Amino acid sequence: MTAALLAGLLAGYGIAVPVGAVGTYLVSLTARTSLRTGVCAALGVATADGLYALAATLGGTALAGALRPVLGPLRWVCVLVLLALAAWGAVTAVREYRGHRLPTRTVPAPPGPARAYLGLLGVTLLNPTTVIYFAVLVLGSRAAGPSGPLEQGVFVLAAFAASASWQVLLAGSGALLGRALTGHRGRLGTGLVASAVMTVLAVRMAMAPG
């Protein structure tokens, strides 16, 4: 259970830490409205991450049964995909830093808490990287060894909690910490940290027995 908790926390932070357009919007939204609205928006992002973690866990469990004869090689495919995601995130962060590019977003009228939650939930659900990321993690962990419903539940809840804690931190930071995290250096730092977390997950997956 401890392993599932740690894996879920790493997975949640790995997908949540890079500060992109959604993170920048969270910070600016809180600064323009209220902490309540920002926290609701942050929980919308975390809910989407949790739903994808749950879907990947349930789908990965069923798919792993069908793929049982090739679970060994599949684990190494998952390791490679996870390393590719880490490398892509790091390269993107460095390229944007060198090009001094920041995400642009048309800012509409400030929404209320409920609309902020639903809006950020919908935006995050449309991110294909999230579902690929969790699917690879779950399939790779299934290939490394069996896990029961309890461990799967702990993984999903830990991933949600990690994502929620980071998104709420972003929302609560408002304009002060937000300038540091969403500026050129902040985006470079968070992108590299997230890539490092994904690399750690890939190494743990590769070193797992089985």
# chains A, B, ... in the order shown; residues from 1 in each chain; ligands from 1
>>> residues_around(residues="Ala41 of chain A", least_positions_apart="4", cutoff="10 Å", atoms="only C-alpha atoms", output="list in words")
Val22, Tyr25, Leu26, Leu29, Thr30, Leu35, Arg36, Thr37, Val45, Ala46, Thr47, Pro111, Gly112, Pro113, Ala114, Arg115, Ala116, Tyr117, Leu118, Gly119, Leu120, Leu121, Gln167, Val168 and Ala171 of chain A
>>> write_last_selection(atoms="N, CA, C and O atoms", output="compact mmCIF listing (two decimals), in the first residue's frame")
# COMPACT_ATOMS: atom_id res chain seq x y z
N VAL A 22 -2.78 26.43 -18.28
CA VAL A 22 -3.77 26.23 -17.22
C VAL A 22 -3.26 26.80 -15.90
O VAL A 22 -3.98 27.49 -15.18
N TYR A 25 -3.34 30.54 -15.98
CA TYR A 25 -4.71 31.01 -15.85
C TYR A 25 -5.20 30.91 -14.40
O TYR A 25 -5.89 31.81 -13.90
N LEU A 26 -4.81 29.84 -13.71
CA LEU A 26 -5.19 29.67 -12.30
C LEU A 26 -4.69 30.84 -11.46
O LEU A 26 -5.42 31.40 -10.64
N LEU A 29 -6.48 34.07 -12.48
CA LEU A 29 -7.89 34.02 -12.07
C LEU A 29 -8.03 34.37 -10.60
O LEU A 29 -8.91 35.16 -10.22
N THR A 30 -7.17 33.77 -9.76
CA THR A 30 -7.24 34.06 -8.33
C THR A 30 -6.95 35.53 -8.05
O THR A 30 -7.59 36.15 -7.20
N LEU A 35 -9.90 33.91 -3.63
CA LEU A 35 -9.27 32.63 -3.33
C LEU A 35 -10.26 31.48 -3.51
O LEU A 35 -9.89 30.40 -3.99
N ARG A 36 -11.52 31.72 -3.16
CA ARG A 36 -12.54 30.67 -3.31
C ARG A 36 -12.68 30.24 -4.76
O ARG A 36 -12.72 29.05 -5.07
N THR A 37 -12.76 31.21 -5.65
CA THR A 37 -12.88 30.89 -7.08
C THR A 37 -11.63 30.17 -7.58
O THR A 37 -11.71 29.19 -8.33
N VAL A 45 -9.12 21.09 -12.05
CA VAL A 45 -7.95 20.47 -12.68
C VAL A 45 -7.62 19.15 -12.00
O VAL A 45 -7.39 18.13 -12.66
N ALA A 46 -7.60 19.16 -10.68
CA ALA A 46 -7.26 17.94 -9.94
C ALA A 46 -8.29 16.84 -10.16
O ALA A 46 -7.95 15.66 -10.22
N THR A 47 -9.57 17.23 -10.28
CA THR A 47 -10.61 16.22 -10.53
C THR A 47 -10.38 15.53 -11.87
O THR A 47 -10.52 14.31 -11.99
N PRO A 111 -15.09 34.20 -14.04
CA PRO A 111 -16.22 33.32 -13.73
C PRO A 111 -16.43 33.20 -12.23
O PRO A 111 -15.56 33.58 -11.43
N GLY A 112 -17.59 32.65 -11.85
CA GLY A 112 -17.83 32.34 -10.46
C GLY A 112 -17.18 31.02 -10.09
O GLY A 112 -16.63 30.32 -10.95
N PRO A 113 -17.25 30.61 -8.81
CA PRO A 113 -16.59 29.37 -8.37
C PRO A 113 -17.07 28.13 -9.14
O PRO A 113 -16.25 27.31 -9.56
N ALA A 114 -18.37 27.98 -9.33
CA ALA A 114 -18.89 26.79 -10.01
C ALA A 114 -18.44 26.75 -11.47
O ALA A 114 -18.00 25.71 -11.98
N ARG A 115 -18.53 27.88 -12.15
CA ARG A 115 -18.13 27.92 -13.55
C ARG A 115 -16.62 27.75 -13.69
O ARG A 115 -16.15 27.16 -14.66
N ALA A 116 -15.87 28.25 -12.72
CA ALA A 116 -14.42 28.07 -12.75
C ALA A 116 -14.05 26.59 -12.61
O ALA A 116 -13.17 26.08 -13.31
N TYR A 117 -14.75 25.90 -11.70
CA TYR A 117 -14.50 24.46 -11.51
C TYR A 117 -14.80 23.69 -12.79
O TYR A 117 -13.98 22.90 -13.28
N LEU A 118 -15.99 23.90 -13.35
CA LEU A 118 -16.39 23.16 -14.55
C LEU A 118 -15.52 23.52 -15.75
O LEU A 118 -15.16 22.65 -16.56
N GLY A 119 -15.15 24.79 -15.86
CA GLY A 119 -14.33 25.21 -16.99
C GLY A 119 -12.95 24.56 -16.98
O GLY A 119 -12.49 24.03 -17.99
N LEU A 120 -12.30 24.57 -15.83
CA LEU A 120 -10.97 23.98 -15.74
C LEU A 120 -11.03 22.46 -15.81
O LEU A 120 -10.10 21.81 -16.33
N LEU A 121 -12.12 21.87 -15.31
CA LEU A 121 -12.32 20.43 -15.46
C LEU A 121 -12.38 20.06 -16.93
O LEU A 121 -11.70 19.12 -17.39
N GLN A 167 -2.19 22.37 -7.46
CA GLN A 167 -3.06 23.35 -8.12
C GLN A 167 -3.58 24.38 -7.13
O GLN A 167 -3.70 25.57 -7.45
N VAL A 168 -3.91 23.93 -5.90
CA VAL A 168 -4.38 24.87 -4.87
C VAL A 168 -3.25 25.83 -4.48
O VAL A 168 -3.48 27.01 -4.23
N ALA A 171 -3.15 28.38 -7.17
CA ALA A 171 -4.28 29.30 -7.04
C ALA A 171 -4.07 30.25 -5.87
O ALA A 171 -4.31 31.46 -5.96
>>> atom_distance(atom1="atom CA of Thr124 of chain A", atom2="atom CA of Gly44 of chain A")
8.1 Å
>>> closest_residue(among="A:Leu43, A:Ala90, A:Thr24, A:Val203", to="Ser163 of chain A", atoms="only C-alpha atoms")
A:Leu43
>>> residues_around(residues="Asp49 of chain A", least_positions_apart="4", cutoff="10 Å", atoms="only C-alpha atoms", output="PyMOL selection string")
chain A and resi 11-12+15-16+43-45+53-55+121+124-125+127+130-131+134+156+159-164
>>> atom_distance(atom1="atom CA of Ala196 of chain A", atom2="atom CA of Glu151 of chain A")
24.2 Å
